[in-house]
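Chemist: If you scroll down you'll find the structure; I have some questions about it.
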Amino acid sequence: MKITVLCVGKIKEKYFTGAIEEYSKRLSRYCKLEIIEVADEKTPDGASEALEEQIKQKEAERLMKYIPEDAYVCVLAILGKQLTSEELSEKINELGVRGTSHIVFVIGGSLGLAECINKRADYLLSFSKMTFPHQLMRVVLLEQIYRSYRIMMGEPYHK
């Protein structure tokens, strides 16, 4: 299975970069992992709602270039479905059994995602009703994908 983590913005903090590298290395046993970053737009302080929508649309255009037609798209969204780690593992496993060869997880930028990205999604996934920094979500997502594979393979994992 190929898993792509498609995100807006670059990681600047070394502690996030180190964690991402570690989980990427661990995941290499289970899947082909690809992380794609698209540029984020600078948002001026006090930006109007219309300007924020324009910014999200520009970021969406960049993201759409990297979403293949045949990929299963899972967008991280506050209003998405919340799953346990076991349920996420079942979801990934079920997709593989059904013949899905490519899952794209999409993480938006600081303003979130344009509606067109949510409409392209096959699944909306929420990690919480809380808002998290998008850089941190990349680490959390990779850890949960790694945990999913450990569960799938019947290997021990921290509960």
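Please note that chains go A, B, ... in the order of the structure tokens, that every chain numbers its residues from 1, and that ligands are numbered from 1 in the order shown.
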With DSSP run on the backbone, what are the strand (DSSP E or B) residues within chain A? I'd like them as a ChimeraX atom specification.
Modeler: /A:2-8,32-38,72-82,102-107,109,112,123-126
Chemist: Residues within 7 Å of stretch 149-157 of chain A, please, as a list in words. Count only C-alpha atoms; anything in the same chain fewer than 4 positions from it doesn't count.
Modeler: Tyr30, Glu86, Ser89, Asn93 and Ile145 of chain A
Chemist: For each of A:Ser101, A:Thr4, A:Gln54, A:Thr17, take the minimum atom-to-atom distance to A:Ile35, counting only C-alpha atoms, then give the residue where this is smallest.
Modeler: A:Thr4
Chemist: Excluding same-chain residues fewer than 2 positions from A:Tyr72, what lies within 10 Å of it counting only C-alpha atoms, as a PyMOL selection string?
Modeler: chain A and resi 3+67-70+74-75+95+100-105+120-123
Chemist: What is the distance, in Å and to one decimal place, between atom CA of A:Arg147 and atom CA of A:Ser128?
Modeler: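 Atom-to-atom, atom CA of A:Arg147 and atom CA of A:Ser128 are spaced 17.4 Å apart.
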Chemist: At what distance in Å, to one decimal, does atom CA of A:Glu87 lie from atom CA of A:His158?
Modeler: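 If I compute the distance from atom CA of A:His158 to atom CA of A:Glu87, I get 15.6 Å.
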Chemist: Between atom CA of A:Met137 and atom CA of A:Ile107, what is the distance in Å, rounded to a tenth?
Modeler: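 Between atom CA of A:Met137 and atom CA of A:Ile107 the gap works out to 7.6 Å.
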Chemist: Give me the residues near A:Glu21 as a PyMOL selection string, where near means some atom within 12 Å (using only C-alpha atoms) and where sequence neighbours in that chain fewer than 4 positions away do not count.
Modeler: chain A and resi 11+14-17+25-28+33-35+138-139+142-143
Chemist: Mind checking DSSP for stretch 53-129 of chain A and telling me the helix (DSSP H, G or I) residues as a VMD selection string?
Modeler: chain A and resid 53 to 64 85 to 97 115 to 120
Chemist: Quick one: of A:Leu51, A:Leu88, A:Ala77, A:Ala114, who's nearest to A:Met64, counting only C-alpha atoms?
Modeler: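 Under the stated criterion, the closest residue is A:Ala114.
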Chemist: Compare A:Glu53, A:Lys12, A:Leu79, A:Ser24 by their minimum atom-to-atom distance to A:Met130, counting only C-alpha atoms, and give me the closest one.
Modeler: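 Ranked by minimum distance to A:Met130, first place goes to A:Leu79.
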Chemist: Find the spatial neighbours of A:Thr131, counting only C-alpha atoms, within a cut-off of 12 Å - ignore same-chain residues fewer than 3 positions away - and output them as a list in words.
Modeler: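 Contacts, in chain order: Leu76, Ala77, Ile78, Leu79, Gly108, Gly109, Ser110, Leu111, Gly112, Ser126, Phe127, Ser128, His134, Gln135, Leu136 and Met137 of chain A.
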Chemist: With C-alpha atoms retained, export the selected residues as a compact mmCIF listing (two decimals), in the first residue's frame.
Modeler:
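Dumped everything to out_39.txt:
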# COMPACT_ATOMS: atom_id res chain seq x y z
CA LEU A 76 -8.35 15.52 8.49
CA ALA A 77 -11.27 17.67 9.57
CA ILE A 78 -12.68 18.71 12.94
CA LEU A 79 -16.16 17.73 11.77
CA GLY A 108 -4.73 21.70 5.88
CA GLY A 109 -2.88 24.83 6.87
CA SER A 110 -3.54 27.26 9.68
CA LEU A 111 -6.89 28.34 8.15
CA GLY A 112 -8.03 24.82 7.40
CA SER A 126 -11.24 13.83 13.07
CA PHE A 127 -8.68 13.33 15.81
CA SER A 128 -10.58 15.59 18.19
CA HIS A 134 -0.96 21.42 11.53
CA GLN A 135 2.73 20.61 12.14
CA LEU A 136 1.83 18.60 15.25
CA MET A 137 -0.99 16.82 13.41
